Amino acid sequence: MKQKTSSRHILFLATALTVGLLKPVAGYADPSADISPSRMSEAMKVLSSDRFEGRAPGTAGEKVTVPWLIEQYKALGLEPAGENGGWTQDVPMLRTRTGATGSVLARTGGKTLPLVQLKDIYLSTLLPEERLAVRNAPMVFVGYGVHAPERHWDDFKGVDLKGKVAIFLVNDPDFDAAPGEPVAGRFGGKTMTYYGRWTYKYEEAARRGAVAALIVHDTAGASYPWSTVVAPGGEAYDVEHSASESRPVPVQGWLEGKAANALFQQAGLDLAALRIKARSEDFRPVTLKHTAFSADLPVTVDRLKSQNVLAKITGAKYPDETVMFGAHWDAYGKSTDAQGNTVIRRGAIDDGSGIAALFEIARAFKAGPKPDRTVRFAAWTGEERGLLGSGWYVAHPLAPLDKTAANLTMDVLQMAGPAHNAFIIGAGQNTLQDQFAAAAALQGRTTQPEAMPERGAFYRADHLPFARAGVPVLAVMDMAGKFDLLKGGMEAGGKWLTAYMACYHQACDAWSPDWDVRGAAQDVWAVWKVGHDVAFSHDWPQWNAGSEFAAIRQKTAPSTVH
């Protein structure tokens with residue numbers, strides 16, 4: 001539904017084209033969606049400034065961030081959508097910080113392998129204990145640690161992991177498979193499934209009673225280098241769990257690749273050969289004979305209350321139905337480097353770009369008539385710590401999930417300029433992705449599946465808790481591949497992606513006046529278009545039959561969805 005073209009919109013578009021803010025591509029010319037690259041850039045500049053201190057949950061940075069977000073919502077003319085008529089939803093969190101001064105080692109008979117925290121191993125805990133302590137625990141290699149009955153796969157074969165350290169390979173059993181191997185394609189090939197995510201492996205270790213879960217790091221399988229693994233410096237977050245809820249695995253961590261090889265060699269095992277065996281459905285867990293793992297590290301525990309920041313535009317026809325746009329406000333905050341210098345990991349693109357997009361989409365909706373459905377805008381906390389804010393909302397929804405038609409999430413948008421193409425994360429999941437492809441086509445763009453599905457992007461952003469609850473989702477994440485840029489083509493798009501990934505979760509994810517935000521604005525317009533079409537309708541987006549989330553939606557959806 002489009003509004004009449006006003007003189008204000010004509011003036012805006014003329015001015016924007018004159019100063020080069022907007023590329024005159026089909027889609028931008030729609031006066032109902034004034035997506036401004038310059039406003040987006042300014043929002044990212046503010047969010048990544050020193051005053052916001054890297055926006056870590058529960059810090060002084062949050063105390064600046066949350067009021068600022070509320071101010072923007074108010075200025076946009078939105079309504080509060082939080083708890084008790086307010087703008088926020090409290091998210092109780094537990095923060096632990098595991099120190100590096102202590103002892104971590106593996107003993108095999110008379111041999112001892114010291115493991116240095118942050119160098120050879122990375123350990124953290126989500127339990128409120130003052131020490132991370134493991135004493136002489138047996139170690140068991142469980143391959144990829146996948147239990148997937150629907151794929152006729154079980155790496156555990158009934159092994160008892162109670163009180164033991166489980167060692168996992170990262171990613172899926174077919175990630176390294178050569179064509180022709182029986183496992184090839186069983187888990188989507190290079191496309192990561194949820195079984196490949198480190199979160200799944202920790203969950204499986206907890207379900208099976210392990211005292212610790214260690215994942216062997218390799219850059220290709222994890223999709224990021226060791227520096228990204230250790231970047232949190234031992235800090236971990238979780239939401240507070242009640243006594244009746246299941247507990248996380250007491251110790252979770254990663255083994256650096258060379259250290260893992262040394263550990264297996266000390267135990268008389270060849271890790272490279274075991275990697276190959278782990279690609280067979282006949283694989284059985286391997287005990288590291290006569291090997292015991294011990295760790296004793298200090299832990300600082302804090303209980304804190306973080307906040308999701310929520311706004312809405314109440315629907316004119318179906319106010320009890322929701323279309324939700326979301327992005328996360330948090331980044332990694334302040335830390336101290338090896339030289340004792342204070343470092344701020346500013347998160348300008350991750351996910352200052354998503355928050356900036358949220359504002360633009362809200363502004364576009366406010367510029368037109370009231371939507372049929374209620375449109376909600378969510379700035380989540382704790383995404384970088386395990387999708388905590390969005391996960392808490394799904395567990396404690398402020399609008400019925402069975403009447404939430406769609407969740408549209410924006411997390412990392414590209415700053416290299418307009419492109420001929422766009423990427424679909426988790427392609428083939430649902431009809432929202434088809435709508436996104438149609439919206440991109442209106443801009444003269446083609447769409448394609450993410451170029452690096454091995455990164456498992458569909459399972460690592462704030463849309464995931466909604467998908468797991470059955471809500472159809474659309475995720476736009478511009479780490480998905482090389483953009484074919486209007487200026488410089490694929491080569492320039494590849495250079496931007498390489499440069500950005502070098503700054504992923506690092507201090508150099510900082511605002512730059514050299515950014516060309518028009519590429520991000522293209523994606524924002526397409527996301528707005530999808531959400532707009534759902535909001536001005538009574539149609540229900542659908543999961544495709546092959547999606548793992550389709551059955552959940554069928555159980556929870558209102559009768560109108562079926």
# chains A, B, ... in the order shown; residues from 1 in each chain; ligands from 1

$ residues_around --residues "Asp296 (chain A)" --least-positions-apart "3" --cutoff "7 Å" --atoms "only C-alpha atoms" --output "list in words"
Gly102, Ser103, Val104, Arg131, Leu132, Ala133 and Val134 of chain A

$ select_by_dssp --residues "region 275-429 of chain A" --states "helix (DSSP H, G or I)" --output "PyMOL selection string"
chain A and resi 275-277+352-366+383-385+388-395+401-403

$ write_last_selection --atoms "N, CA and C atoms" --output "short mmCIF file (atom, residue, chain, number, x, y, z; two decimals), in the first residue's frame"
data_model
loop_
_atom_site.label_atom_id
_atom_site.label_comp_id
_atom_site.auth_asym_id
_atom_site.auth_seq_id
_atom_site.Cartn_x
_atom_site.Cartn_y
_atom_site.Cartn_z
N ARG A 275 39.99 -37.54 12.32
CA ARG A 275 39.10 -36.65 11.59
C ARG A 275 38.43 -37.39 10.43
N ILE A 276 39.21 -38.22 9.76
CA ILE A 276 38.67 -38.98 8.63
C ILE A 276 37.67 -40.03 9.13
N LYS A 277 38.02 -40.73 10.20
CA LYS A 277 37.10 -41.73 10.76
C LYS A 277 35.79 -41.10 11.21
N GLY A 352 25.86 -1.92 14.77
CA GLY A 352 25.39 -0.56 14.63
C GLY A 352 24.63 -0.36 13.33
N SER A 353 25.03 -1.09 12.28
CA SER A 353 24.35 -0.96 11.00
C SER A 353 22.91 -1.46 11.08
N GLY A 354 22.68 -2.53 11.83
CA GLY A 354 21.33 -3.04 11.99
C GLY A 354 20.43 -2.09 12.76
N ILE A 355 20.98 -1.48 13.81
CA ILE A 355 20.21 -0.50 14.58
C ILE A 355 19.87 0.71 13.72
N ALA A 356 20.85 1.17 12.94
CA ALA A 356 20.59 2.29 12.03
C ALA A 356 19.49 1.93 11.04
N ALA A 357 19.50 0.70 10.57
CA ALA A 357 18.47 0.23 9.64
C ALA A 357 17.10 0.21 10.31
N LEU A 358 17.08 -0.20 11.57
CA LEU A 358 15.83 -0.25 12.32
C LEU A 358 15.16 1.13 12.34
N PHE A 359 15.96 2.16 12.59
CA PHE A 359 15.42 3.52 12.63
C PHE A 359 14.86 3.93 11.27
N GLU A 360 15.58 3.59 10.21
CA GLU A 360 15.12 3.99 8.88
C GLU A 360 13.81 3.29 8.51
N ILE A 361 13.70 2.03 8.87
CA ILE A 361 12.47 1.30 8.56
C ILE A 361 11.31 1.86 9.38
N ALA A 362 11.55 2.17 10.64
CA ALA A 362 10.50 2.78 11.46
C ALA A 362 10.07 4.11 10.87
N ARG A 363 11.04 4.91 10.42
CA ARG A 363 10.72 6.21 9.83
C ARG A 363 9.88 6.03 8.56
N ALA A 364 10.22 5.01 7.77
CA ALA A 364 9.46 4.76 6.54
C ALA A 364 8.02 4.38 6.85
N PHE A 365 7.81 3.54 7.87
CA PHE A 365 6.45 3.17 8.25
C PHE A 365 5.67 4.38 8.76
N LYS A 366 6.33 5.22 9.56
CA LYS A 366 5.63 6.39 10.11
C LYS A 366 5.27 7.40 9.02
N GLU A 383 23.22 -10.31 22.00
CA GLU A 383 23.36 -11.18 20.83
C GLU A 383 24.76 -11.78 20.77
N GLU A 384 25.76 -10.94 21.02
CA GLU A 384 27.15 -11.40 20.94
C GLU A 384 27.49 -12.41 22.03
N ARG A 385 26.63 -12.53 23.02
CA ARG A 385 26.90 -13.45 24.13
C ARG A 385 26.07 -14.73 24.05
N LEU A 388 21.10 -13.79 23.68
CA LEU A 388 20.43 -13.82 24.98
C LEU A 388 19.18 -12.97 25.02
N GLY A 389 19.22 -11.76 24.48
CA GLY A 389 18.05 -10.90 24.55
C GLY A 389 16.89 -11.42 23.73
N SER A 390 17.16 -11.82 22.50
CA SER A 390 16.10 -12.37 21.65
C SER A 390 15.61 -13.69 22.20
N GLY A 391 16.54 -14.50 22.73
CA GLY A 391 16.12 -15.76 23.33
C GLY A 391 15.23 -15.57 24.54
N TRP A 392 15.56 -14.55 25.35
CA TRP A 392 14.73 -14.26 26.53
C TRP A 392 13.34 -13.80 26.09
N TYR A 393 13.29 -12.97 25.07
CA TYR A 393 12.00 -12.50 24.57
C TYR A 393 11.14 -13.68 24.10
N VAL A 394 11.73 -14.59 23.36
CA VAL A 394 10.97 -15.74 22.86
C VAL A 394 10.47 -16.59 24.03
N ALA A 395 11.27 -16.69 25.09
CA ALA A 395 10.82 -17.44 26.27
C ALA A 395 9.81 -16.66 27.09
N LEU A 401 3.61 -15.31 20.09
CA LEU A 401 4.44 -15.80 19.00
C LEU A 401 3.62 -16.49 17.93
N ASP A 402 2.50 -17.11 18.32
CA ASP A 402 1.68 -17.78 17.32
C ASP A 402 0.95 -16.79 16.42
N LYS A 403 0.95 -15.51 16.81
CA LYS A 403 0.38 -14.47 15.96
C LYS A 403 1.45 -13.49 15.46
#

$ closest_atom_pairs --of "region 281-392 of chain A" --to "region 58-61 of chain A" --cutoff "10 Å" --atoms "only C-alpha atoms" --output "Markdown table"
| residue | atom | partner | partner_atom | distance |
| --- | --- | --- | --- | --- |
| A:Asp302 | CA | A:Gly58 | CA | 9.3 |
| A:Arg303 | CA | A:Gly58 | CA | 8.8 |
| A:Leu304 | CA | A:Gly58 | CA | 5.8 |
| A:Lys305 | CA | A:Gly58 | CA | 6.4 |
| A:Ser306 | CA | A:Gly58 | CA | 5.6 |
| A:Gln307 | CA | A:Gly58 | CA | 8.8 |
| A:Asp330 | CA | A:Gly61 | CA | 9.1 |
| A:Ala331 | CA | A:Gly61 | CA | 9.7 |
| A:Gly333 | CA | A:Gly61 | CA | 7.3 |
| A:Lys334 | CA | A:Gly61 | CA | 9.0 |
| A:Thr381 | CA | A:Gly58 | CA | 9.7 |
| A:Gly382 | CA | A:Gly58 | CA | 9.7 |

$ closest_atom_pairs --of "region 146-263 of chain A" --to "region 413-436 of chain A" --cutoff "12 Å" --atoms "only C-alpha atoms" --output "JSON lines"
{"residue": "A:Gly188", "atom": "CA", "partner": "A:Gly426", "partner_atom": "CA", "distance": 11.2}
{"residue": "A:Thr191", "atom": "CA", "partner": "A:Gly426", "partner_atom": "CA", "distance": 8.6}
{"residue": "A:Met192", "atom": "CA", "partner": "A:Gly426", "partner_atom": "CA", "distance": 9.4}
{"residue": "A:Thr193", "atom": "CA", "partner": "A:Gly426", "partner_atom": "CA", "distance": 9.5}
{"residue": "A:Tyr194", "atom": "CA", "partner": "A:Gly426", "partner_atom": "CA", "distance": 11.2}

$ closest_residue --among "A:Gln554, A:Thr199, A:Asn136, A:Gln72" --to "Val165 (chain A)" --atoms "only C-alpha atoms"
A:Asn136

$ residues_around --residues "Pro149 (chain A)" --least-positions-apart "5" --cutoff "12 Å" --atoms "only C-alpha atoms" --output "list in words"
Asp154, Asp155, Phe156, Lys157, Tyr195 and Glu281 of chain A

$ residues_around --residues "Asp533 (chain A)" --least-positions-apart "5" --cutoff "12 Å" --atoms "only C-alpha atoms" --output "number ranges by chain"
A: 1-2, 323, 365, 371-373, 375, 405-406, 432, 435-436, 438-439, 526-528, 538-541
